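A short write-up of the structure that comes next.
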Amino acid sequence: MKTLFGYLGKLIKGLWKTITFLRVALLNVLFIILVVAIWFGISNATKTTPPEQSQPSALVLNLNGPIVEKASYLTPLDSFKGSALGDDMPKENVLFDIVHTIRHAKTDPAITGLVLSLGDMPSTSLTKLRYIAKAINEFKSSGKPVFATGDFYSQSQYYLASYADKVYLSPEGSVLLKGYSAYGLYMKDFLEKMNVNAHIFRVGTYKSAVEPFMRNNMSPAAREAATRWLGQLWGAYTDDVATNRHIDVKVLRPNMETFLKEFRQSKGSLADLSLRLGLVDKLTSRHQVRRLLANKFGSNGADSYQSISYYQYKDSLPTEQPKANSDIAVIVASGEIKDGKESNGVVGGDTLAAQLRDARNDPHVKAVVLRVDSPGGSAFASEVVREELTTLKAAGKPVVVSMSSLAASGGYWISMAADKIIAQPTTLTGSIGIFSVIPTFEKGLSKLGIATDGVGTTPFSGEGVTSGLSDGAKQAMQLAIDHGYQRFISLVGKYRNMSTKQVDEIAQGHVWTGQDAVKNGLVDQLGDFDDAVDAAAKMAKLKHYNLQWMEEPLTPAQQLLKGLMSEAHASLGLNISSLIPEALQPAAQQLSTSASLLSKFNDPKGEYAYCLPCQVK
């Protein structure tokens with residue numbers, strides 16, 4: 001026994017020394033980064049800003065990085081973790097900035113056209129793409145040409161490219177249209193082999209967020225629901241592209257036999273196949289594209305055309321709004337919903353409630369647009385937001401919810417009390433249901449010869465992850481989940497003027513697209529963000545107003561750190577991924593993603609209104 005304890009003691013000491021070393025090393029690296037960043041910041045501050053481009057130019061929409069509803073603040077630790085896992089500092093592109101910039105360029109005489117160069121734009125939801133496409137169509141209405149250039153087009157990139165007057169593709173490139181899917185990992189057998197008991201509590205035939213823990217495949221109900229909304233999304237995508245390219249929609253929906261037949265006729269060339277099917281207008285090399293665009297927009301004297309990048313142009317735009325006595329507050333809820341304060345990419349229930357309260361107390365704010373892009377999360381945090389929203393309405397200020405890609409489960413919970421709910425046809429919403437997952441490890445510990453024993457003062461004192469859950473505890477937990485579900489559907493019935501029975505029939509965790517949600521009474525009308533603003537102005541009887549984007553302000557220290565970390569990364573090309581073997585980086589990234597998701601689950605009662613299947617690929 002002494003030998004065993006001695007061995008454990010040495011093991012713990014060794015682990016502690018390793019942790020201490022890593023902690024000190026991390027702090028030293030961060031310190032060096034900050035010092036170097038300050039030096040570069042000071043040196044760059046002395047450099048003169050290059051003069052603005054005054055010649056007529058094409059605006060190049062060269063988006064690099066994800067398209068988001070709201071920019072997130074990255075702490076130095078987040079930046080270090082991302083670099084260690086092989087990620088660059090993300091250049092986030094706020095959706096509304098993109099649309100505003102294109103709309104401004106439409107009437108700017110210095111902008112002679114638009115070039116879509118989207119090779120670095122990652123996969124983006126169809127709902128966001130449609131809003132950008134709306135701005136591109138508005139730009140085209142000015143008579144200015146729009147061209148798309150690319151070596152390869154991903155599905156998201158090609159959607160926007162299809163709105164161009166001409167689409168150019170490299171002779172060795174391709175248009176990659178995979179369709180939409182909702183696949184997940186199912187781990188029932190794995191958990192059993194690992195001797196982990198996953199205690200599942202849920203309400204809803206279609207509440208499939210917990211299926212990965214209790215099944216080895218997708219349930220028939222979940223498959224039926226997913227097939228419906230995935231089909232609607234893909235139908236919307238292909239209908240839009242077919243209309244833009246003036247081709248038969250069947251071209252975009254071939255079966256494998258038809259695809260292989262067409263591919264053989266193109267002798268295995270994806271570029272030739274794209275050209276023959278009418279997806280692109282011409283196969284051109286990069287040099288040929290530059291020459292074509294130089295003929296259209298003028299040469300810059302350096303074997304290219306007169307142009308200005310999206311980022312240069314966006315930063316040059318005026319930020320002041322016309323003077324108005326009234327404001328419409330815009331509050332963005334983007335990400336999973338957790339209890340407490342807001343953090344990177346996560347909606348904090350307390351933070352969002354505080355923003356709604358600020359809008360209520362601001363005499364200049366006459367109406368509120370709540371922009372929701374969330375799969376849900378903590379049921380308690382969602383209820384905190386709903387209560388604050390009803391208080392805002394009681395103060396006489398109308399609230400309009402604008403649903404983006406996702407407003408499901410908890411995302412619908414925070415939306416349902418609004419005066420009006422507006423969604424796009426491709427929005428995913430509904431998923432009205434509650435669940436809880438509690439893993440316990442008593443079986444695995446027992447096999448290792450470890451048992452939990454002791455005394456407690458109540459029947460619940462001994463319940464836990466090492467001792468398991470008694471039948472009574474399981475029954476109590478399911479009763480709580482049942483209560484939460486009844487609470488959810490009764491609130492939906494109250495705000496949507498439906499009986500509880502009517503709500504239950506369309507709830508049960510069922511995911512709906514926006515077009516189905518309107519038919520089912522969960523949404524008032526189809527429309528985008530612009531329609532939501534117009535509706536808010538009409539309800540508040542406003543003819544002249546400004547949009548007040550309400551955000552949690554960064555402290556001076558946070559602003560300094562954010563700037564320093566960005567400067568250090570840009571100046572040094574910082575990437576610490578070499579510390580992790582390349583073969584292990586995908587696994588490290590997967591672990592980081594899983595840990596990040598788990599860290600967002602912090603409901604005080606362990607009850608979640610979350611739509612896991614809504615993560616479309």
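Just remember, in the structure tokens the first chain shown is A, the second B, etc., residues are 1-based per chain, and ligands are 1-based in the order shown.
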
Just the helix (DSSP H, G or I) stuff from range 394-436 of chain A, please, per backbone DSSP, written as a PyMOL selection string. chain A and resi 394+410-413

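Omitting Ser162 in chain A and its sequence neighbours fewer than 4 positions away, and counting only C-alpha atoms, the residues within 9 Å are Ala148, Gln157, Tyr158, Lys166, Val167, Asp240, Val241, Ala242, Asn244, Arg245, Leu279 and Val280 of chain A.
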
Generate the output file for the selected residues, N, CA, C and O atoms, as a compact mmCIF listing (two decimals), in the first residue's frame.
```txt
# COMPACT_ATOMS: atom_id res chain seq x y z
N ALA A 148 -17.18 37.86 -61.46
CA ALA A 148 -16.69 36.91 -60.47
C ALA A 148 -15.48 36.19 -61.03
O ALA A 148 -15.50 35.74 -62.18
N GLN A 157 -19.17 30.24 -52.07
CA GLN A 157 -18.56 31.20 -52.97
C GLN A 157 -19.31 31.27 -54.30
O GLN A 157 -19.54 32.35 -54.85
N TYR A 158 -19.71 30.09 -54.80
CA TYR A 158 -20.38 30.08 -56.08
C TYR A 158 -21.78 30.71 -56.00
O TYR A 158 -22.24 31.33 -56.97
N LYS A 166 -20.73 38.13 -65.31
CA LYS A 166 -19.85 37.13 -65.92
C LYS A 166 -19.11 36.39 -64.81
O LYS A 166 -18.64 37.01 -63.86
N VAL A 167 -19.01 35.07 -64.99
CA VAL A 167 -18.29 34.24 -64.02
C VAL A 167 -17.11 33.60 -64.74
O VAL A 167 -17.31 32.85 -65.73
N ASP A 240 -32.30 29.67 -56.74
CA ASP A 240 -31.65 30.98 -56.90
C ASP A 240 -30.57 30.93 -57.97
O ASP A 240 -30.48 31.80 -58.85
N VAL A 241 -29.71 29.91 -57.90
CA VAL A 241 -28.60 29.80 -58.85
C VAL A 241 -29.12 29.57 -60.26
O VAL A 241 -28.64 30.19 -61.23
N ALA A 242 -30.11 28.70 -60.41
CA ALA A 242 -30.67 28.43 -61.73
C ALA A 242 -31.27 29.69 -62.34
O ALA A 242 -31.11 29.95 -63.55
N ASN A 244 -30.37 32.82 -61.63
CA ASN A 244 -29.26 33.73 -61.94
C ASN A 244 -28.54 33.34 -63.23
O ASN A 244 -28.15 34.19 -64.03
N ARG A 245 -28.33 32.02 -63.40
CA ARG A 245 -27.54 31.54 -64.54
C ARG A 245 -28.40 31.18 -65.75
O ARG A 245 -27.87 30.76 -66.78
N LEU A 279 -22.50 26.80 -65.69
CA LEU A 279 -22.22 27.36 -64.36
C LEU A 279 -21.28 28.55 -64.45
O LEU A 279 -21.31 29.44 -63.60
N VAL A 280 -20.40 28.56 -65.45
CA VAL A 280 -19.47 29.67 -65.65
C VAL A 280 -19.55 30.12 -67.10
O VAL A 280 -20.07 29.41 -67.97
```

Identify, on the basis of only C-alpha atoms, every residue whose closest approach to range 335-349 of chain A does not exceed 8 Å; exclude the query and any residue fewer than 4 positions from it along the same chain; express the result as a ChimeraX atom specification. /A:72-74,353,373-378,380-382,384-385,410-411,600-604

Looking at A:Leu275, A:Ser266, A:Phe460, A:Thr227, which one is nearest to Ile247 in chain A, with distances taken over only C-alpha atoms?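 Answer, going by the shortest atom-to-atom distance: A:Leu275.
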
Contacts of Val492 in chain A within 12 Å, only C-alpha atoms, excl. fewer than 6 positions in-chain, as number ranges by chain: A: 386, 409-410, 412-418, 430, 432-433, 485-486, 498-504, 506-507, 520-523

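CA of Asp516 in chain A lies 19.7 Å from CA of Phe488 in chain A.
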
CA of Phe213 in chain A to CA of Lys188 in chain A, distance in Å rounded to a single decimal: 5.3 Å

Where does DSSP see strand (DSSP E or B) in range 339-414 of chain A, if you list the residues as a list in words? Ser343, Val346, Val347, Gly348, Val365, Lys366, Ala367, Val368, Val369, Leu370, Arg371, Val372, Asp373, Ser374, Gly376, Gly377, Ser378, Val399, Val400, Val401, Ser402, Met403, Ser404, Ser405, Leu406, Ala407 and Ala408 of chain A

Extract, using only C-alpha atoms, all DNA, RNA and protein residues at most 12 Å from Ala302 in chain A, discarding same-chain residues fewer than 3 positions from it, and format them as a ChimeraX atom specification. /A:287,290-291,294,298-299,305-307

For Val251 in chain A, which of A:Val203, A:Leu370, A:Leu177, A:Leu448 is the closest residue, counting only C-alpha atoms?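 Closest candidate: A:Leu177.
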
Residue neighbourhood Asn93 in chain A, 8 Å, only C-alpha atoms, exclusion window fewer than 4 positions, as an mmCIF file with all heavy atoms, in the first residue's frame:
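Produced file around_31.cif, reproduced below:
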```cif
data_model
loop_
_atom_site.group_PDB
_atom_site.id
_atom_site.type_symbol
_atom_site.label_atom_id
_atom_site.label_comp_id
_atom_site.auth_asym_id
_atom_site.auth_seq_id
_atom_site.Cartn_x
_atom_site.Cartn_y
_atom_site.Cartn_z
ATOM 1 N N LEU A 63 -13.403 38.913 -49.516
ATOM 2 C CA LEU A 63 -13.669 38.557 -48.123
ATOM 3 C C LEU A 63 -12.742 37.440 -47.661
ATOM 4 O O LEU A 63 -12.613 36.404 -48.310
ATOM 5 C CB LEU A 63 -15.123 38.128 -47.964
ATOM 6 C CG LEU A 63 -16.169 39.171 -48.358
ATOM 7 C CD1 LEU A 63 -17.569 38.590 -48.237
ATOM 8 C CD2 LEU A 63 -16.025 40.419 -47.499
ATOM 9 N N ASN A 64 -12.112 37.663 -46.518
ATOM 10 C CA ASN A 64 -11.168 36.700 -45.959
ATOM 11 C C ASN A 64 -11.549 36.439 -44.512
ATOM 12 O O ASN A 64 -11.315 37.262 -43.639
ATOM 13 C CB ASN A 64 -9.744 37.267 -46.044
ATOM 14 C CG ASN A 64 -8.713 36.315 -45.478
ATOM 15 O OD1 ASN A 64 -9.031 35.196 -45.081
ATOM 16 N ND2 ASN A 64 -7.467 36.762 -45.422
ATOM 17 N N GLY A 65 -12.160 35.305 -44.254
ATOM 18 C CA GLY A 65 -12.593 35.005 -42.894
ATOM 19 C C GLY A 65 -14.094 34.845 -42.819
ATOM 20 O O GLY A 65 -14.834 35.160 -43.764
ATOM 21 N N PRO A 66 -14.584 34.354 -41.690
ATOM 22 C CA PRO A 66 -16.018 34.055 -41.551
ATOM 23 C C PRO A 66 -16.888 35.301 -41.593
ATOM 24 O O PRO A 66 -16.462 36.389 -41.213
ATOM 25 C CB PRO A 66 -16.096 33.373 -40.183
ATOM 26 C CG PRO A 66 -14.904 33.878 -39.434
ATOM 27 C CD PRO A 66 -13.829 34.049 -40.452
ATOM 28 N N ILE A 67 -18.125 35.110 -42.049
ATOM 29 C CA ILE A 67 -19.119 36.183 -42.054
ATOM 30 C C ILE A 67 -19.975 36.009 -40.808
ATOM 31 O O ILE A 67 -20.596 34.966 -40.611
ATOM 32 C CB ILE A 67 -19.971 36.126 -43.321
ATOM 33 C CG1 ILE A 67 -19.082 36.355 -44.548
ATOM 34 C CG2 ILE A 67 -21.093 37.169 -43.279
ATOM 35 C CD1 ILE A 67 -19.791 36.156 -45.868
ATOM 36 N N VAL A 68 -19.999 37.019 -39.959
ATOM 37 C CA VAL A 68 -20.642 36.915 -38.650
ATOM 38 C C VAL A 68 -21.683 38.013 -38.490
ATOM 39 O O VAL A 68 -21.663 39.031 -39.171
ATOM 40 C CB VAL A 68 -19.605 37.000 -37.510
ATOM 41 C CG1 VAL A 68 -18.615 35.845 -37.599
ATOM 42 C CG2 VAL A 68 -18.857 38.331 -37.536
ATOM 43 N N ALA A 71 -19.105 40.994 -34.366
ATOM 44 C CA ALA A 71 -17.689 40.725 -34.157
ATOM 45 C C ALA A 71 -17.453 40.307 -32.710
ATOM 46 O O ALA A 71 -18.044 40.853 -31.779
ATOM 47 C CB ALA A 71 -16.859 41.967 -34.482
ATOM 48 N N ASP A 97 -21.766 45.168 -42.217
ATOM 49 C CA ASP A 97 -20.704 45.996 -42.805
ATOM 50 C C ASP A 97 -20.567 45.701 -44.300
ATOM 51 O O ASP A 97 -20.372 46.615 -45.111
ATOM 52 C CB ASP A 97 -19.371 45.728 -42.111
ATOM 53 C CG ASP A 97 -19.318 46.272 -40.695
ATOM 54 O OD1 ASP A 97 -20.187 47.109 -40.354
ATOM 55 O OD2 ASP A 97 -18.423 45.869 -39.940
ATOM 56 N N ILE A 98 -20.640 44.406 -44.657
ATOM 57 C CA ILE A 98 -20.517 44.021 -46.068
ATOM 58 C C ILE A 98 -21.645 44.648 -46.884
ATOM 59 O O ILE A 98 -21.409 45.265 -47.934
ATOM 60 C CB ILE A 98 -20.552 42.487 -46.209
ATOM 61 C CG1 ILE A 98 -19.374 41.849 -45.472
ATOM 62 C CG2 ILE A 98 -20.531 42.087 -47.686
ATOM 63 C CD1 ILE A 98 -19.461 40.341 -45.374
#
```

Could you check the closest approach to Ala164 in chain A for each of A:Asp281, A:Lys91, A:Met187, A:Gln55 and tell me which residue wins, using only C-alpha atoms? A:Asp281

Out of A:Glu442, A:Asp453, A:Asp108, A:Glu607, which residue has the shortest atom-to-atom distance to Leu317 in chain A when counting only C-alpha atoms?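 Comparing A:Glu442, A:Asp453, A:Asp108, A:Glu607 against Leu317 in chain A, the winner is A:Asp108.
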
Quick one: pull the distance between CA of Thr429 in chain A and CA of Trp512 in chain A, Å, one decimal.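 If I compute the distance from CA of Thr429 in chain A to CA of Trp512 in chain A, I get 5.4 Å.
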
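Closest approach to Asp350 in chain A among A:Ala609, A:Ala333, A:Ala225, A:Leu61: A:Ala333, based on only C-alpha atoms.
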